[in-house]
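Novice: There's a structure below that I have some questions on.
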Amino acid sequence: MTADTPALHYHLRPFEEHDIVPWTAIQNNIYPDEPSTVAQTEHWERTYPADNPRFRRVAETAEGQLLGYGECQRPFWSSLKTDTCMVFVAVDPAWQQRGIGHALYAAVTPFAETLGTVKLRTDCREDSVDTIRFLGKAGFTQIGIRFESSLDIQTFDETPFRAAVERFEAAGYTLTTLAAARHQDSEADQHLYEVFAATIVDVPFPGEERIEPTYENFRITTLDAPNTDPNAIFIARLGERMVGMTSLELLPNSIGITGMTGVLRQHRGRGVALAIKLAAFRYLKEHGYRETRAHNDTANPPILALNAKLGYHRLPGWLVWEKPC
């Protein structure tokens, strides 16, 4: 803030339901390349576990304009939930560099101490210079990075991979979608969850974090979210058994993000993941999507190698930070 910048008068208050629309707009102003929708924000609000502690504050002007959002919560989805709190602070780009982020951070982080938390975690984009500087001054240490990569789906050519798909099919594997599987199997959702649960625990995250899956949260994030479609959840089967899956998050700007690609251990190394990914690419191309993205940890070389083979290129990743309470 320069000397001739007028003073900004704002106050902090608890997050309320009517904040969903402006909060979604702030998120989209910060991350315009991966926009959310009001329906998606409403979904996360409605499905947040009632018994999981969190503390939230928003910054608002006297005229009622939302400027930013801060949150401290137990990571109920994670192996870290017993000793760690996640901290998230975001300020609309038009109002950054005015001290609002500092105020929100100072307001929400003491909540972690009331829970007996040992450490705090947060993340930020690799190209967020100001945030990186702030986190360093606040005592956070970078502990890892999750790569983000992109593939132009409209120019992608799967011809070089047809031989691998033919070997996949010759071995007896078949592909289907969750929408089709539901017509054949009344318990398709449960069977898909079993593949997800068996494979997500092998996916590395920075700082040795692991996802602790539950069927309820799988439904919330993968099956019932507004930005998913059972026709865009692809399944590999051997006989009648599901052995692999991939799911897509379908963004409103014609980008599809791979939410999870997993193959049961005894079926890995047989081209199953490649075949499923190619099916997802066909769906995206046929439905007019222009790009697909993936997020992967540096400790997951097999999927990074597969993405490199497919032609993904690096985007700014997500740095993960940690500090003791």
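Each chain in the structure tokens gets a letter, A, B and so on, in the order shown; residues start at 1 in every chain, and ligands are counted from 1 in the order they appear.
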Report as a PyMOL selection string all protein, DNA and RNA residues lying within 8 Å of A:His43, evaluated on only C-alpha atoms, omitting residues in the same chain fewer than 3 positions from it.
Specialist: chain A and resi 39-40+46-47+225-226
Novice: List as a PDB file with C-alpha atoms, in the first residue's frame the protein and nucleic acid residues near stretch 272-283 of chain A, meaning an atom at most 10 Å away when only C-alpha atoms are counted, but skip any in the same chain fewer than 5 places from it.
Specialist:
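Written output follows (out.pdb):
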```
ATOM      1  CA  LEU A 151      -2.347 -31.686 -22.051  1.00  0.00           C
ATOM      2  CA  ASP A 152      -4.012 -30.126 -25.119  1.00  0.00           C
ATOM      3  CA  ILE A 153      -6.814 -32.603 -25.613  1.00  0.00           C
ATOM      4  CA  GLN A 154      -7.930 -31.410 -29.039  1.00  0.00           C
ATOM      5  CA  PHE A 156      -3.721 -35.198 -28.730  1.00  0.00           C
ATOM      6  CA  ASP A 157      -3.119 -38.195 -31.013  1.00  0.00           C
ATOM      7  CA  GLU A 158      -3.555 -41.624 -29.454  1.00  0.00           C
ATOM      8  CA  PHE A 161      -0.577 -45.950 -28.010  1.00  0.00           C
ATOM      9  CA  ARG A 162      -2.939 -48.232 -29.953  1.00  0.00           C
ATOM     10  CA  ALA A 164      -0.657 -50.933 -25.885  1.00  0.00           C
ATOM     11  CA  VAL A 165      -4.456 -50.773 -25.867  1.00  0.00           C
ATOM     12  CA  GLU A 166      -4.615 -53.866 -28.086  1.00  0.00           C
ATOM     13  CA  ARG A 167      -2.413 -55.741 -25.573  1.00  0.00           C
ATOM     14  CA  PHE A 168      -4.712 -54.553 -22.786  1.00  0.00           C
ATOM     15  CA  GLU A 169      -7.729 -55.952 -24.638  1.00  0.00           C
ATOM     16  CA  TYR A 173      -9.502 -56.388 -19.882  1.00  0.00           C
ATOM     17  CA  THR A 174     -12.486 -54.269 -20.850  1.00  0.00           C
ATOM     18  CA  LEU A 175     -13.491 -50.658 -20.314  1.00  0.00           C
ATOM     19  CA  THR A 176     -16.795 -49.244 -19.152  1.00  0.00           C
ATOM     20  CA  THR A 177     -18.179 -46.197 -17.379  1.00  0.00           C
ATOM     21  CA  ASN A 231     -20.289 -41.015 -17.867  1.00  0.00           C
ATOM     22  CA  ALA A 232     -16.891 -39.442 -17.161  1.00  0.00           C
ATOM     23  CA  ILE A 233     -15.819 -42.017 -14.565  1.00  0.00           C
ATOM     24  CA  PHE A 234     -14.025 -44.802 -16.400  1.00  0.00           C
ATOM     25  CA  ILE A 235     -13.527 -48.334 -15.128  1.00  0.00           C
ATOM     26  CA  ALA A 236     -11.266 -51.206 -16.203  1.00  0.00           C
ATOM     27  CA  ARG A 237     -12.581 -54.721 -15.592  1.00  0.00           C
ATOM     28  CA  VAL A 243      -9.590 -53.498 -11.317  1.00  0.00           C
ATOM     29  CA  GLY A 244      -8.909 -49.855 -12.187  1.00  0.00           C
ATOM     30  CA  MET A 245     -10.554 -46.452 -12.452  1.00  0.00           C
ATOM     31  CA  THR A 246     -10.123 -42.821 -13.344  1.00  0.00           C
ATOM     32  CA  SER A 247     -12.476 -39.928 -12.635  1.00  0.00           C
ATOM     33  CA  LEU A 248     -12.754 -36.469 -14.150  1.00  0.00           C
ATOM     34  CA  GLY A 256     -11.143 -31.642 -17.330  1.00  0.00           C
ATOM     35  CA  THR A 258      -8.100 -36.064 -13.472  1.00  0.00           C
ATOM     36  CA  THR A 261      -6.371 -42.811 -11.519  1.00  0.00           C
ATOM     37  CA  GLY A 262      -5.860 -46.070  -9.647  1.00  0.00           C
ATOM     38  CA  VAL A 263      -5.163 -49.709 -10.550  1.00  0.00           C
ATOM     39  CA  LEU A 264      -5.181 -52.643  -8.148  1.00  0.00           C
ATOM     40  CA  HIS A 267      -2.922 -55.522 -12.322  1.00  0.00           C
ATOM     41  CA  GLY A 288     -15.541 -30.272 -26.638  1.00  0.00           C
ATOM     42  CA  TYR A 289     -13.071 -29.971 -23.765  1.00  0.00           C
ATOM     43  CA  GLU A 291      -7.478 -29.332 -22.023  1.00  0.00           C
ATOM     44  CA  THR A 292      -6.930 -31.924 -19.338  1.00  0.00           C
ATOM     45  CA  ILE A 303       2.330 -41.775 -12.978  1.00  0.00           C
ATOM     46  CA  LEU A 306       3.086 -42.058 -17.852  1.00  0.00           C
ATOM     47  CA  ASN A 307       1.988 -38.439 -18.079  1.00  0.00           C
ATOM     48  CA  LYS A 309       4.811 -40.274 -22.265  1.00  0.00           C
ATOM     49  CA  LEU A 310       1.334 -38.940 -23.030  1.00  0.00           C
TER      50      LEU A 310
END
```
Novice: Find the residues near A:Glu71: any atom within 10 Å, counting only C-alpha atoms, skip ones fewer than 4 places away on the same chain, and give them as a ChimeraX atom specification.
Specialist: /A:15,54-58,85-90,104-105,107-109,111
Novice: Ranking A:Leu12, A:Ile145, A:Leu178, A:Leu319 by minimum distance to A:His102 and counting only C-alpha atoms, which one comes first?
Specialist: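 Closest to A:His102, using only C-alpha atoms: A:Leu12.
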Novice: Enumerate the residues of stretch 67-110 of chain A with a DSSP assignment of helix (DSSP H, G or I), computed from the backbone, and present them as a PyMOL selection string.
Specialist: chain A and resi 93-95+100-108+110
Novice: May I have the residues within 12 Å of A:Asp51 as a ChimeraX atom specification, using only C-alpha atoms and disregarding those fewer than 6 positions away in the same chain?
Specialist: /A:73-74,76
Novice: Go ahead and write the residues just picked, N, CA and C atoms, as a PDB file, in the first residue's frame.
Specialist:
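Wrote it out as result_39.pdb, contents follow:
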```
ATOM      1  N   GLN A  73      -8.851 -25.870   9.948  1.00  0.00           N
ATOM      2  CA  GLN A  73      -9.680 -27.060  10.129  1.00  0.00           C
ATOM      3  C   GLN A  73      -8.836 -28.306  10.312  1.00  0.00           C
ATOM      4  N   ARG A  74      -9.452 -29.298  10.927  1.00  0.00           N
ATOM      5  CA  ARG A  74      -8.869 -30.629  10.969  1.00  0.00           C
ATOM      6  C   ARG A  74      -9.008 -31.266   9.591  1.00  0.00           C
ATOM      7  N   PHE A  76     -10.001 -33.976   7.915  1.00  0.00           N
ATOM      8  CA  PHE A  76     -10.727 -35.215   8.217  1.00  0.00           C
ATOM      9  C   PHE A  76     -10.448 -36.320   7.201  1.00  0.00           C
TER      10      PHE A  76
END
```
Novice: Could you write out, as a ChimeraX atom specification, all the residues of stretch 64-307 of chain A that DSSP marks as strand (DSSP E)?
Specialist: /A:66-73,84-91,119-125,141-152,173-177,233-238,241-250,255-263,291-297
Novice: Please report the interatomic distance between atom CA of A:Asn253 and atom CA of A:Gln97 in Å with one decimal.
Specialist: 28.5 Å
